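Take a look at the structure below.
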Amino acid sequence: MKILIAEDNKISRKMLEKVFEGHEYEVFSACDGDEAWKILGEPEHPRLLILDWMMPGITGVEIVQRLRERPDGHTYYIMILTSLDTPADISFALDGGADEFVSKPYHADALRARANVGRRIVNLHTTLSEKMRMLEEAHAIISHQAATDELTGLYNRRFFNENLCKHLGAAIRHSFHISVIMIDIDKFKSINDTYGHSAGDRILKICADTMRSQARTEDIVARWGGEEFIILLPYTNLEGAAVVAERIRIALASDCLVGSSIPVTASFGLAELKEGEDTEALLRRADRALYRAKDEGRNRVIPG
Ligand SMILES: [Mg+2]
């Protein structure tokens with residue numbers, strides 16, 4: 001392990017270096033506080049430090065205070081080595097953030113044994129923070145997967161429902177408009193039957209990408225299941241939802257043709273939240289409008 005020794009007295013510094021050299025330590029030496037602080041500013045600097053208290057420039061205790069205030073995320077084990085040894089001195093150094101206080105003169109083996117304790121603690125913290133980082137990464141991946149439809153990369157039905165409840169609650173409380181668009185790819189079964197399921201999957205993905213790019217940033221675009229999609233439009237009335245739906249309808253009818261060489265259209269059912277309605281009633285109206293769009297010849301937007 002890397003260890004920083006900061007001591008302004010040359011002979012004392014050489015003696016300290018000897019205590020650690022050849023004992024699984026890589027020694028970094030500083031002849032005063034300023035040099036020590038410079039070393040601590042380099043990447044991959046030592047985390048285990050032995051600092052003389054009294055040094056020209058920055059003192060050992062000042063380095064401790066600065067390091068403790070520095071938000072670099074590293075764990076340090078800091079030993080203050082000094083000829084000061086009153087209880088007030090010890091309290092001052094330890095309360096200031098030092099981990100260990102060693103009075104001069106010291107015994108070489110005892111000093112190294114104390115440093116070994118510091119090494120264990122630094123290693124333990126490093127391992128723990130690495131594990132913590134991996135856990136956080138895993139958690140981010142799991143959260144993303146839990147909210148995402150694997151095929152299309154859109155939000156999934158569960159995420160949509162959770163957010164529908166939240167947004168509906170807020171819309172009712174603050175009297176905001178809120179609308180949903182239900183979308184069904186027209187004659188998807190025949191696409192699957194004619195071109196195969198992998199072509200069908202590709203179509204779903206292209207449609208999903210088109211919906212996401214044509215929707216607005218604040219809209220929540222989700223795969224409802226199979227070839228059905230749903231979009232939540234916060235702060236949007238029926239007319240506003242119709243504009244978004246029409247834009248997607250036109251883009252789907254042209255984009256999918258380009259992206260897949262298979263002609264694709266979709267039908268759209270819209271609903272804006274009415275007073276006294278819950279999520280189920282809202283979705284039911286959008287669904288009914290979607291069925292009407294199908295009945296009336298598909299590839300159209302029908303407000304519920
Ligand atoms: Mg000194």
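Chain labels follow the order of the structure tokens: the first chain is A, the next B, and so on; residue numbering restarts at 1 in every chain, and ligands are counted from 1 in their shown order.
Taking only C-alpha atoms and all ligand atoms into account, every polymer residue with at least one atom at most 8 Å away from ligand 1 is listed here: Glu7, Asp8, Asn9, Asp52, Trp53, Met54, Met55, Pro56 and Thr82 of chain A.
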Using only C-alpha atoms, please write the residues we just selected to a file, as a PDB file, in the first residue's frame.
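Saved as part.pdb:
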ATOM      1  CA  GLU A   7       8.180  15.294   8.018  1.00  0.00           C
ATOM      2  CA  ASP A   8      10.281  18.439   7.748  1.00  0.00           C
ATOM      3  CA  ASN A   9      13.230  17.106   9.734  1.00  0.00           C
ATOM      4  CA  ASP A  52       4.235  15.521  11.314  1.00  0.00           C
ATOM      5  CA  TRP A  53       2.180  18.156  13.092  1.00  0.00           C
ATOM      6  CA  MET A  54       4.683  20.996  13.048  1.00  0.00           C
ATOM      7  CA  MET A  55       5.960  21.709   9.549  1.00  0.00           C
ATOM      8  CA  PRO A  56       6.723  24.853   7.566  1.00  0.00           C
ATOM      9  CA  THR A  82       4.324  14.811  16.966  1.00  0.00           C
TER      10      THR A  82
END
Residue neighbourhood Ile172 (chain A), 12 Å, only C-alpha atoms, exclusion window fewer than 3 positions, as a ChimeraX atom specification:
/A:164-169,175-178,234-235,273-279
Name the residues of region 33-247 of chain A that fall into strand (DSSP E or B) according to DSSP on the backbone, using the chain letters and numbers of this document, as number ranges by chain.
A: 48-52, 77-82, 100-103, 148, 155, 178-185, 220-225, 228-234
Among region 57-179 of chain A, which ones does DSSP assign to helix (DSSP H, G or I) (computed from the backbone)? Answer as a PyMOL selection string.
chain A and resi 60-69+87-95+108-147+157-174
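The residue that comes closest to Gly153 (chain A), out of A:Val122, A:Leu204, A:Met182, A:Asn116 and on the basis of only C-alpha atoms, is A:Leu204.
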For region 212-227 of chain A, work out the shell of residues within 8 Å, counting only C-alpha atoms and skipping chain neighbours fewer than 6 positions away, then give it as a VMD selection string.
chain A and resid 149 152 154 to 157 160 184 to 185 188 204 233 to 234 244 247 to 248 251
List the neighbours of Leu40 (chain A) out to 12 Å using only C-alpha atoms; skip same-chain residues closer than 3 positions along the sequence, and give me the result as a PyMOL selection string.
chain A and resi 2-6+28-30+33-37+43-49+63-64+66-67+70+72+74+76
From the list A:Ala147, A:Gly200, A:Leu16, A:Gly96, the nearest residue to Arg68 (chain A) using only C-alpha atoms is A:Gly96
Neighbours of region 260-266 of chain A within 12 Å (only C-alpha atoms; same-chain residues fewer than 3 positions away dropped), as a PyMOL selection string?
chain A and resi 181-192+194-196+198-208+210-211+227-229+245-257+269+290-291+293-294+297-302
Please dump the current selection as a short mmCIF file (atom, residue, chain, number, x, y, z; two decimals), in the first residue's frame; keep C-alpha atoms.
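out-v3.cif was written with the following content:
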data_model
loop_
_atom_site.label_atom_id
_atom_site.label_comp_id
_atom_site.auth_asym_id
_atom_site.auth_seq_id
_atom_site.Cartn_x
_atom_site.Cartn_y
_atom_site.Cartn_z
CA ILE A 181 -53.85 7.95 -26.65
CA MET A 182 -54.35 4.24 -27.27
CA ILE A 183 -52.74 2.94 -30.41
CA ASP A 184 -53.14 -0.37 -32.19
CA ILE A 185 -51.10 -1.37 -35.25
CA ASP A 186 -53.54 -2.22 -38.02
CA LYS A 187 -53.77 -5.84 -39.22
CA PHE A 188 -50.68 -6.80 -37.26
CA LYS A 189 -51.62 -10.45 -37.27
CA SER A 190 -51.49 -10.51 -41.05
CA ILE A 191 -48.04 -8.83 -40.96
CA ASN A 192 -46.85 -11.61 -38.68
CA THR A 194 -47.14 -12.86 -44.09
CA TYR A 195 -43.64 -11.77 -43.12
CA GLY A 196 -42.90 -13.85 -40.02
CA SER A 198 -39.08 -11.43 -36.53
CA ALA A 199 -40.33 -9.00 -39.19
CA GLY A 200 -43.29 -8.35 -36.88
CA ASP A 201 -40.92 -7.59 -34.02
CA ARG A 202 -38.94 -5.26 -36.24
CA ILE A 203 -42.13 -3.42 -37.20
CA LEU A 204 -43.06 -3.01 -33.53
CA LYS A 205 -39.63 -1.55 -32.82
CA ILE A 206 -39.81 0.89 -35.73
CA CYS A 207 -43.33 1.94 -34.70
CA ALA A 208 -42.14 2.41 -31.11
CA THR A 210 -41.56 6.68 -34.37
CA MET A 211 -44.03 7.15 -31.51
CA GLU A 227 -49.21 -4.54 -30.90
CA GLU A 228 -50.96 -2.06 -28.61
CA PHE A 229 -49.31 1.10 -27.36
CA ALA A 245 -51.91 11.40 -32.42
CA GLU A 246 -52.34 12.71 -35.96
CA ARG A 247 -48.64 13.49 -36.18
CA ILE A 248 -47.78 9.94 -35.10
CA ARG A 249 -50.37 8.45 -37.47
CA ILE A 250 -48.88 10.25 -40.47
CA ALA A 251 -45.31 9.44 -39.43
CA LEU A 252 -46.13 5.75 -38.91
CA ALA A 253 -47.80 5.44 -42.28
CA SER A 254 -44.72 6.89 -44.01
CA ASP A 255 -41.79 6.02 -41.68
CA CYS A 256 -42.60 2.35 -41.27
CA LEU A 257 -42.82 2.04 -44.99
CA GLY A 269 -58.36 6.21 -29.66
CA LEU A 290 -59.82 2.91 -30.55
CA TYR A 291 -62.41 0.27 -31.44
CA ALA A 293 -61.27 3.85 -35.24
CA LYS A 294 -60.93 0.19 -36.23
CA GLY A 297 -61.81 1.73 -41.46
CA ARG A 298 -58.49 1.95 -39.43
CA ASN A 299 -55.58 4.39 -39.94
CA ARG A 300 -57.45 7.16 -38.18
CA VAL A 301 -57.64 9.14 -34.96
CA ILE A 302 -60.94 9.03 -33.04
#
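Separating CA of Lys104 (chain A) from CA of Asp85 (chain A) is a distance of 8.4 Å.
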Residue contacts of Asp95 (chain A) (12 Å, only C-alpha atoms) excluding same-chain residues fewer than 4 positions away, as an MDAnalysis selection string:
chainID A and resid 61 64:65 68 80 87:91 99:101
With N, CA and C atoms retained, could you export that selection as an mmCIF file, in the first residue's frame?
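Result file again22.cif:
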data_model
loop_
_atom_site.group_PDB
_atom_site.id
_atom_site.type_symbol
_atom_site.label_atom_id
_atom_site.label_comp_id
_atom_site.auth_asym_id
_atom_site.auth_seq_id
_atom_site.Cartn_x
_atom_site.Cartn_y
_atom_site.Cartn_z
ATOM 1 N N VAL A 61 -1.909 18.986 10.954
ATOM 2 C CA VAL A 61 -3.309 19.042 11.378
ATOM 3 C C VAL A 61 -4.153 19.819 10.360
ATOM 4 N N VAL A 64 -4.996 17.503 7.594
ATOM 5 C CA VAL A 64 -6.112 16.642 8.011
ATOM 6 C C VAL A 64 -7.437 17.364 7.784
ATOM 7 N N GLN A 65 -7.512 18.587 8.270
ATOM 8 C CA GLN A 65 -8.772 19.346 8.145
ATOM 9 C C GLN A 65 -9.153 19.563 6.686
ATOM 10 N N ARG A 68 -10.399 16.279 5.131
ATOM 11 C CA ARG A 68 -11.741 15.892 5.603
ATOM 12 C C ARG A 68 -12.829 16.741 4.946
ATOM 13 N N ILE A 80 -1.183 11.345 13.002
ATOM 14 C CA ILE A 80 -0.417 12.548 13.327
ATOM 15 C C ILE A 80 0.743 12.133 14.229
ATOM 16 N N PRO A 87 -3.052 16.038 26.679
ATOM 17 C CA PRO A 87 -4.406 15.604 26.324
ATOM 18 C C PRO A 87 -5.092 16.604 25.405
ATOM 19 N N ALA A 88 -4.830 17.899 25.596
ATOM 20 C CA ALA A 88 -5.452 18.924 24.740
ATOM 21 C C ALA A 88 -4.957 18.791 23.305
ATOM 22 N N ASP A 89 -3.653 18.497 23.142
ATOM 23 C CA ASP A 89 -3.095 18.313 21.789
ATOM 24 C C ASP A 89 -3.734 17.105 21.117
ATOM 25 N N ILE A 90 -3.818 16.016 21.887
ATOM 26 C CA ILE A 90 -4.379 14.772 21.335
ATOM 27 C C ILE A 90 -5.826 15.009 20.899
ATOM 28 N N SER A 91 -6.608 15.653 21.782
ATOM 29 C CA SER A 91 -8.013 15.934 21.452
ATOM 30 C C SER A 91 -8.103 16.794 20.199
ATOM 31 N N ASP A 99 -6.945 10.039 12.604
ATOM 32 C CA ASP A 99 -7.408 8.736 13.091
ATOM 33 C C ASP A 99 -6.523 8.194 14.205
ATOM 34 N N GLU A 100 -5.297 8.691 14.241
ATOM 35 C CA GLU A 100 -4.352 8.125 15.197
ATOM 36 C C GLU A 100 -3.373 9.225 15.600
ATOM 37 N N PHE A 101 -2.959 9.166 16.843
ATOM 38 C CA PHE A 101 -2.037 10.171 17.358
ATOM 39 C C PHE A 101 -0.829 9.438 17.931
#
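Across the structure, CA of Asp32 (chain A) and CA of Met1 (chain A) are spaced 21.5 Å apart.
Atom to atom, CA of His197 (chain A) and CA of Ser143 (chain A) stand 28.4 Å apart.
Distance check against Arg119 (chain A) using only C-alpha atoms: of A:His23, A:Arg285, A:Arg133, A:Lys14, the minimum falls on A:His23.
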